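One structure is given below, encoded as structure tokens.
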Amino acid sequence: MTSGQQLFADALTSCRLWRVWTFLGGQDIKTRFRRSFIGPLWILLNLGLFVGGAGVVYGVMFGQPMREFLPFVITGVVIWGFLLSSFTEAGGAFVGAEGYIKQFSYPKQIYLLRALVTYSIVLLIGFCAVILMQIVIGGFEATGWLLAIPGLALLVIAALAHITISAYVGTRFRDWPHALAGLLQVIFFVTPIMYPIKLLQAKHLDFVYKLNPLYYLVDIVRHPILTGSFAPTENYGFALVYILLIWIIAIFVARKLDNRLVFLL
Amino acid sequence: MTDLGIHLADVGIRFEGQRDSGGIKDWIVSRFAGPKSVSDRYSVDALHNLNLSIGHGERVGLIGLNGAGKSTLLKVMARIYPPTSGTATVRGHVCPMFEFATGFEMNQSGRDNIRIRGLLLGMSPAEIEEKLPEIAEFTELGEFLDYPVRTYSAGMFVRLAFAVSTSINPEILLIDEVMGAGDIKFAGKAKRRMFEFMEQGKVLVFASHSPDLLRSFCKRSIWLDAGSIRMDGDTDDVLDCYTRTNQSAP
């Protein structure tokens with residue numbers, strides 16, 4: 001087991017090296033779209049297709065007013081994509097950096113932050129799609145976006161814990177990202193992203209979202225963006241509790257595997 | 001920082017693993033199979049109970065047969081391998097020069113790879129931009145620097161990595177047998193640059209199989225044998241013993 005003190009020192013050093021991981025993260029985005037004709041526009045295009053297809057069908061199916069429902073779906077999908085990356089893609093954060101980890105002396109945690117930077121950039125591009133839609137069909141409110149910042153901060157803090165857990169566990173068990181991808185697909189359909197919570201409430205299925213911590217993480221960002229006011233206070237509270245618990249797990253996993261990590265690569 | 005140095009106390013490195021891939025399947029099986037599955041595990045003691053102190057201004061050579069633990073020891077000093085027993089204290093900025101064939105972003109240009117490598121070796125972005133023309137010049141890769149490195153040949157990777165690694169100001173320089181990089185033309189140039197670079201290192205630990213190089217750079221040498229220090233002392237004495245022992249063997 002690595003001592004907490006050692007881990008803390010490494011984490012501090014990693015933060016000081018922000019130039020390194022922000023650069024690496026930016027490069028990852030560049031790599032992702034290098035040799036593609038329209039580059040990051042693919043993110044917008046894919047979102048448009050998804051919302052235009054699935055969003056419209058679900059909207060009709062659930063009898064939702066489109067002007068409210070489409071921005072709701074696109075915002076949820078963008079945030080979900082970020083969460084999904086922090087669970088599944090992050091499983092390869094250390095594995096993909098093997099060449100660096102075995103050769104350079106910097107603390108390994110910089111590769112976690114690099115992953116966070118990459119996923120955050122994709123999230124921001126996704127938000128551009130949301131703003132675009134809000135401008136086109138109406139409902140854009142700058143205050144809403146400002147009020148989303150506290151929720152966004154919590155979301156990012158939670159995502160870093162997910163990345164930490166997935167990166168360490170994914171190095172130890174290479175099956176991890178695959179297993180998680182299947183599980184998260186199920187969670188996607190039981191999390192109110194493609195349908196509003198009203199529908200669950202009407203069927204007395206409140207527990208489906210109330211017991212789902214990811215719902216709170218999504219809602220504290222989505223609610224202000226869509227409505228221009230803070231999400232219900234208890235949602236921030238539940239998100240905080242979840243963050244506390246997930247970070248305890250993350251630190252436990254990191255302490256357990258940090259020293260062995262380089263030997264597992 | 002004035003008191004640079006490396007102190008190893010009772011350092012041991014044990015590699016452990018499973019003969020199988022060690023995936024989730026094996027893990028679950030091992031939970032149920034009980035102690036019988038132990039035979040499937042292996043462990044290798046790469047280093048045992050090493051005690052070693054290298055101070056400011058020292059240049060130390062490492063010699064030993066293949067598999068004696070030279071590279072492992074260098075990786076401990078570089079803080080890449082955390083010791084599985086004992087403690088390793090390293091004060092100073094470490095510049096490792098271990099391998100020039102890995103750690104590239106294949107889809108990015110040579111120039112961007114220079115930037116990444118520079119950052120990971122501890123250069124600041126401004127410093128990198130300042131040194132970039134000189135590094136680019138040294139690699140002699142010309143327009144290839146704008147191509148993604150996946151189009152590079154093995155020799156071109158070496159040139160790129162070598163040029164970046166030797167452009168920094170090292171405090172603690174750890175070198176693992178990297179002489180003879182590239183073709184005849186480049187090798188000569190590389191050798192000269194390497195010598196200059198090694199002169200700059202305030203602490204140098206240098207693993208090599210070449211007695212001449214060790215004699216010209218290191219006053220002190222350490223002979224590693226099967227993960228332990230067999231001899232530690234004046235380079236000439238250590239090299240004499242080392243060659244005598246290993247050449248007399250049938």
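Identifiers in the structure tokens: chain A, B, ... in order shown; residue index from 1 per chain; ligand index from 1 in order shown.
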Kindly provide the residues of chain B that approach chain A to within 7 Å, each paired with its closest atom pair and their distance in Å to one decimal, based on only C-alpha atoms, listed by chain and increasing number, as a tab-separated table.
residue	atom	partner	partner_atom	distance
B:Phe15	CA	A:Phe263	CA	6.9
B:Gly23	CA	A:Phe173	CA	5.3
B:Ile24	CA	A:Phe173	CA	5.7
B:Ala78	CA	A:Ser105	CA	5.7
B:Arg79	CA	A:Ser105	CA	5.8
B:Ile80	CA	A:Ser105	CA	5.7
B:Tyr81	CA	A:Val262	CA	6.7
B:Pro82	CA	A:Asn259	CA	5.9
B:Pro96	CA	A:Phe104	CA	6.5
B:Phe98	CA	A:Gln103	CA	6.5
B:Thr102	CA	A:Gly99	CA	5.3
B:Gly103	CA	A:Gly99	CA	4.1
B:Asn107	CA	A:Thr31	CA	6.2
B:Gln108	CA	A:Thr31	CA	6.6
B:Leu119	CA	A:Val20	CA	5.8
B:Leu120	CA	A:Phe104	CA	6.5
B:Leu121	CA	A:Phe104	CA	6.7
Need to verify the contact set: Gly86 of chain B, 12 Å, only C-alpha atoms, exclusion of same-chain residues closer than 4 positions in sequence. Can you return it as a ChimeraX atom specification? /B:7-14,47-52,76,82
Atom-to-atom span, atom CA of Pro213 of chain A and atom CA of Gln201 of chain A, Å: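 So the two atoms, atom CA of Pro213 of chain A and atom CA of Gln201 of chain A, lie 17.1 Å apart.
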Using atom CA of Asn169 of chain B and atom CA of Ser14 of chain A as the two end points, give the distance in Å to one decimal. 21.1 Å
How close does segment 146-204 of chain A get to segment 59-75 of chain A? List, as JSON lines, each residue of segment 146-204 of chain A within 10 Å, its nearest atom pair and the distance in Å to one decimal, counting only C-alpha atoms.
{"residue": "A:Pro192", "atom": "CA", "partner": "A:Val73", "partner_atom": "CA", "distance": 9.3}
{"residue": "A:Ile193", "atom": "CA", "partner": "A:Val73", "partner_atom": "CA", "distance": 6.0}
{"residue": "A:Met194", "atom": "CA", "partner": "A:Val73", "partner_atom": "CA", "distance": 5.7}
{"residue": "A:Tyr195", "atom": "CA", "partner": "A:Phe62", "partner_atom": "CA", "distance": 7.6}
{"residue": "A:Pro196", "atom": "CA", "partner": "A:Phe72", "partner_atom": "CA", "distance": 8.2}
{"residue": "A:Leu199", "atom": "CA", "partner": "A:Phe62", "partner_atom": "CA", "distance": 8.2}
Would you mind writing down, as a list in words, each residue of segment 50-87 of chain B that DSSP on the backbone assigns to helix (DSSP H, G or I)?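 Filtering segment 50-87 of chain B to helix (DSSP H, G or I) leaves Lys70, Ser71, Thr72, Leu73, Leu74, Lys75, Val76 and Met77 of chain B.
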Go ahead and write the selection's residues with N, CA and C atoms as a PDB file, in the first residue's frame.
ATOM      1  N   LYS B  70      20.946  -3.956 -13.858  1.00  0.00           N
ATOM      2  CA  LYS B  70      21.410  -2.582 -14.124  1.00  0.00           C
ATOM      3  C   LYS B  70      20.253  -1.650 -14.473  1.00  0.00           C
ATOM      4  N   SER B  71      19.438  -2.077 -15.432  1.00  0.00           N
ATOM      5  CA  SER B  71      18.324  -1.221 -15.848  1.00  0.00           C
ATOM      6  C   SER B  71      17.314  -1.045 -14.732  1.00  0.00           C
ATOM      7  N   THR B  72      17.065  -2.125 -13.993  1.00  0.00           N
ATOM      8  CA  THR B  72      16.124  -2.032 -12.886  1.00  0.00           C
ATOM      9  C   THR B  72      16.620  -1.025 -11.856  1.00  0.00           C
ATOM     10  N   LEU B  73      17.910  -1.090 -11.551  1.00  0.00           N
ATOM     11  CA  LEU B  73      18.470  -0.155 -10.574  1.00  0.00           C
ATOM     12  C   LEU B  73      18.320   1.285 -11.074  1.00  0.00           C
ATOM     13  N   LEU B  74      18.584   1.509 -12.340  1.00  0.00           N
ATOM     14  CA  LEU B  74      18.448   2.857 -12.889  1.00  0.00           C
ATOM     15  C   LEU B  74      16.997   3.328 -12.793  1.00  0.00           C
ATOM     16  N   LYS B  75      16.062   2.401 -13.010  1.00  0.00           N
ATOM     17  CA  LYS B  75      14.656   2.789 -12.935  1.00  0.00           C
ATOM     18  C   LYS B  75      14.234   3.085 -11.511  1.00  0.00           C
ATOM     19  N   VAL B  76      14.864   2.447 -10.545  1.00  0.00           N
ATOM     20  CA  VAL B  76      14.591   2.800  -9.146  1.00  0.00           C
ATOM     21  C   VAL B  76      15.095   4.207  -8.876  1.00  0.00           C
ATOM     22  N   MET B  77      16.301   4.497  -9.375  1.00  0.00           N
ATOM     23  CA  MET B  77      16.879   5.827  -9.154  1.00  0.00           C
ATOM     24  C   MET B  77      16.051   6.910  -9.840  1.00  0.00           C
TER      25      MET B  77
END
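Excluding Ser165 of chain B itself and any same-chain residue fewer than 2 positions from it, the protein and nucleic acid residues within 8 Å of it, counting only C-alpha atoms, are B:Cys95, B:Met97, B:Arg117, B:Gly118, B:Leu121, B:Ala161, B:Phe162, B:Ala163, B:Ser167, B:Ile168.
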So, with only C-alpha atoms as the atoms that count, which of A:Gly126, A:Pro224, A:Gly76, A:Gly4 lies closest to Leu41 of chain A?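 Smallest distance to Leu41 of chain A is found for A:Gly126.
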Quote the spacing between atom CA of Ile222 of chain B and atom CA of Leu62 of chain B in Å to one decimal place.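 Distance reported for this atom pair: 5.0 Å.
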Spatial neighbours of Leu245 of chain A, max dist 12 Å, only C-alpha atoms, sep filter under 6 positions, as a ChimeraX atom specification: /A:158,161-162,213,238-239,251-252
Those same residues, written as a compact mmCIF listing (two decimals), in the first residue's frame with all heavy atoms?
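Result written to part-v6.txt:
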# COMPACT_ATOMS: atom_id res chain seq x y z
N ALA A 158 -16.19 14.80 -9.56
CA ALA A 158 -16.64 13.40 -9.54
C ALA A 158 -15.97 12.63 -10.67
O ALA A 158 -15.52 11.50 -10.48
CB ALA A 158 -18.16 13.33 -9.67
N ALA A 161 -12.56 11.39 -9.97
CA ALA A 161 -12.56 10.18 -9.14
C ALA A 161 -12.85 8.95 -10.00
O ALA A 161 -12.20 7.91 -9.85
CB ALA A 161 -13.60 10.30 -8.03
N HIS A 162 -13.82 9.07 -10.92
CA HIS A 162 -14.10 7.94 -11.81
C HIS A 162 -12.86 7.58 -12.63
O HIS A 162 -12.53 6.41 -12.78
CB HIS A 162 -15.22 8.29 -12.81
CG HIS A 162 -16.51 8.67 -12.17
ND1 HIS A 162 -17.46 9.42 -12.81
CD2 HIS A 162 -17.01 8.41 -10.93
CE1 HIS A 162 -18.49 9.62 -12.00
NE2 HIS A 162 -18.24 9.02 -10.86
N PRO A 213 -27.13 7.87 -8.34
CA PRO A 213 -26.28 9.04 -8.08
C PRO A 213 -25.94 9.81 -9.36
O PRO A 213 -25.75 11.03 -9.32
CB PRO A 213 -25.02 8.45 -7.45
CG PRO A 213 -25.03 7.00 -7.81
CD PRO A 213 -26.47 6.61 -7.98
N PHE A 238 -26.99 15.57 -2.54
CA PHE A 238 -26.75 14.17 -2.89
C PHE A 238 -25.49 14.03 -3.75
O PHE A 238 -24.72 13.09 -3.58
CB PHE A 238 -27.96 13.59 -3.63
CG PHE A 238 -29.12 13.31 -2.74
CD1 PHE A 238 -30.37 13.86 -2.97
CD2 PHE A 238 -28.96 12.47 -1.63
CE1 PHE A 238 -31.45 13.59 -2.13
CE2 PHE A 238 -30.02 12.19 -0.79
CZ PHE A 238 -31.28 12.77 -1.04
N ALA A 239 -25.30 14.99 -4.65
CA ALA A 239 -24.10 14.95 -5.49
C ALA A 239 -22.85 15.02 -4.62
O ALA A 239 -21.88 14.28 -4.82
CB ALA A 239 -24.11 16.09 -6.51
N ILE A 251 -9.38 6.94 -3.57
CA ILE A 251 -8.12 7.02 -2.83
C ILE A 251 -7.70 5.63 -2.35
O ILE A 251 -6.52 5.26 -2.41
CB ILE A 251 -8.24 8.02 -1.67
CG1 ILE A 251 -8.33 9.44 -2.24
CG2 ILE A 251 -7.07 7.90 -0.71
CD1 ILE A 251 -8.75 10.50 -1.26
N PHE A 252 -8.69 4.85 -1.95
CA PHE A 252 -8.39 3.48 -1.54
C PHE A 252 -7.76 2.69 -2.69
O PHE A 252 -6.72 2.04 -2.53
CB PHE A 252 -9.67 2.79 -1.05
CG PHE A 252 -9.50 1.33 -0.76
CD1 PHE A 252 -8.88 0.93 0.41
CD2 PHE A 252 -9.94 0.38 -1.65
CE1 PHE A 252 -8.69 -0.41 0.69
CE2 PHE A 252 -9.76 -0.98 -1.38
CZ PHE A 252 -9.14 -1.37 -0.21
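Summary of the local environment: counting only C-alpha atoms, residues at most 9 Å from Arg222 of chain A, other than itself and those fewer than 3 positions away along its chain, are Phe72, Thr75, Gly76, Ile79, Ala148, Gly151, Leu217, Val218, Asp219, Ile225, Leu226, Thr227 and Ala231 of chain A.
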Once you have the residues from the selection above, write them out as an mmCIF file, in the first residue's frame, restricted to C-alpha atoms.
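Done, and the output landed in out27.cif:
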data_model
loop_
_atom_site.group_PDB
_atom_site.id
_atom_site.type_symbol
_atom_site.label_atom_id
_atom_site.label_comp_id
_atom_site.auth_asym_id
_atom_site.auth_seq_id
_atom_site.Cartn_x
_atom_site.Cartn_y
_atom_site.Cartn_z
ATOM 1 C CA PHE A 72 -33.283 18.536 -22.562
ATOM 2 C CA THR A 75 -27.841 18.558 -22.740
ATOM 3 C CA GLY A 76 -28.317 15.220 -21.018
ATOM 4 C CA ILE A 79 -23.150 15.376 -19.960
ATOM 5 C CA ALA A 148 -24.437 25.805 -14.005
ATOM 6 C CA GLY A 151 -22.725 21.954 -10.690
ATOM 7 C CA LEU A 217 -24.584 14.737 -11.293
ATOM 8 C CA VAL A 218 -26.434 15.222 -14.572
ATOM 9 C CA ASP A 219 -29.188 17.319 -13.064
ATOM 10 C CA ILE A 225 -28.696 25.378 -18.286
ATOM 11 C CA LEU A 226 -32.293 24.630 -19.256
ATOM 12 C CA THR A 227 -34.253 26.617 -16.703
ATOM 13 C CA ALA A 231 -31.261 22.821 -9.373
#
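Among the candidates B:Pro83, B:Ile28, B:Val164, B:Val60, the residue lying nearest to Thr235 of chain B is B:Val60 (atoms considered: only C-alpha atoms).
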Segment 210-212 of chain A: which residues within 10 Å, counting only C-alpha atoms, same-chain residues fewer than 5 positions away excluded, as a short mmCIF file (atom, residue, chain, number, x, y, z; two decimals) with all heavy atoms, in the first residue's frame?
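As written to disk, out07.cif reads:
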data_model
loop_
_atom_site.label_atom_id
_atom_site.label_comp_id
_atom_site.auth_asym_id
_atom_site.auth_seq_id
_atom_site.Cartn_x
_atom_site.Cartn_y
_atom_site.Cartn_z
N ILE A 187 -27.45 1.58 -17.39
CA ILE A 187 -27.69 2.75 -16.54
C ILE A 187 -28.19 3.94 -17.36
O ILE A 187 -29.02 4.72 -16.91
CB ILE A 187 -26.42 3.10 -15.73
CG1 ILE A 187 -26.07 1.92 -14.83
CG2 ILE A 187 -26.63 4.36 -14.89
CD1 ILE A 187 -24.82 2.12 -14.01
N VAL A 190 -31.87 3.81 -17.60
CA VAL A 190 -32.65 4.03 -16.39
C VAL A 190 -32.36 5.40 -15.77
O VAL A 190 -32.91 5.75 -14.74
CB VAL A 190 -32.44 2.91 -15.33
CG1 VAL A 190 -32.86 1.58 -15.88
CG2 VAL A 190 -31.01 2.87 -14.85
N THR A 191 -31.45 6.16 -16.39
CA THR A 191 -31.20 7.52 -15.91
C THR A 191 -32.06 8.47 -16.74
O THR A 191 -32.11 8.32 -17.96
CB THR A 191 -29.71 7.89 -16.08
OG1 THR A 191 -28.93 6.89 -15.45
CG2 THR A 191 -29.40 9.24 -15.47
N PRO A 192 -32.75 9.42 -16.11
CA PRO A 192 -33.61 10.32 -16.90
C PRO A 192 -32.80 11.24 -17.82
O PRO A 192 -32.43 12.34 -17.45
CB PRO A 192 -34.35 11.14 -15.84
CG PRO A 192 -34.18 10.38 -14.58
CD PRO A 192 -32.90 9.65 -14.68
N ILE A 197 -38.07 13.33 -15.57
CA ILE A 197 -38.43 12.59 -14.36
C ILE A 197 -39.93 12.57 -14.13
O ILE A 197 -40.45 11.70 -13.47
CB ILE A 197 -37.71 13.12 -13.10
CG1 ILE A 197 -37.96 14.62 -12.92
CG2 ILE A 197 -36.24 12.82 -13.12
CD1 ILE A 197 -37.53 15.12 -11.55
N LEU A 205 -42.45 5.57 -10.12
CA LEU A 205 -41.15 4.91 -10.20
C LEU A 205 -40.04 5.87 -9.73
O LEU A 205 -38.91 5.78 -10.21
CB LEU A 205 -40.88 4.47 -11.65
CG LEU A 205 -41.70 3.29 -12.17
CD1 LEU A 205 -41.54 3.13 -13.66
CD2 LEU A 205 -41.31 2.01 -11.45
N LEU A 217 -25.70 14.09 -10.60
CA LEU A 217 -24.58 14.74 -11.29
C LEU A 217 -25.05 15.37 -12.60
O LEU A 217 -24.62 16.47 -12.96
CB LEU A 217 -23.47 13.73 -11.59
CG LEU A 217 -22.67 13.22 -10.39
CD1 LEU A 217 -21.62 12.23 -10.85
CD2 LEU A 217 -22.00 14.38 -9.65
N ASN A 235 -30.41 18.14 -4.53
CA ASN A 235 -29.64 17.47 -5.58
C ASN A 235 -28.15 17.77 -5.45
O ASN A 235 -27.32 16.90 -5.69
CB ASN A 235 -30.15 17.90 -6.96
CG ASN A 235 -31.51 17.27 -7.27
OD1 ASN A 235 -32.09 16.63 -6.40
ND2 ASN A 235 -31.99 17.46 -8.48
N PHE A 238 -26.99 15.57 -2.54
CA PHE A 238 -26.75 14.17 -2.89
C PHE A 238 -25.49 14.03 -3.75
O PHE A 238 -24.72 13.09 -3.58
CB PHE A 238 -27.96 13.59 -3.63
CG PHE A 238 -29.12 13.31 -2.74
CD1 PHE A 238 -30.37 13.86 -2.97
CD2 PHE A 238 -28.96 12.47 -1.63
CE1 PHE A 238 -31.45 13.59 -2.13
CE2 PHE A 238 -30.02 12.19 -0.79
CZ PHE A 238 -31.28 12.77 -1.04
N TYR A 242 -22.25 11.76 -2.88
CA TYR A 242 -21.69 10.79 -3.83
C TYR A 242 -20.21 11.06 -4.07
O TYR A 242 -19.39 10.14 -4.08
CB TYR A 242 -22.46 10.86 -5.16
CG TYR A 242 -21.83 10.04 -6.26
CD1 TYR A 242 -21.89 8.64 -6.23
CD2 TYR A 242 -21.16 10.65 -7.31
CE1 TYR A 242 -21.31 7.88 -7.23
CE2 TYR A 242 -20.58 9.90 -8.32
CZ TYR A 242 -20.66 8.52 -8.27
OH TYR A 242 -20.07 7.77 -9.27
#
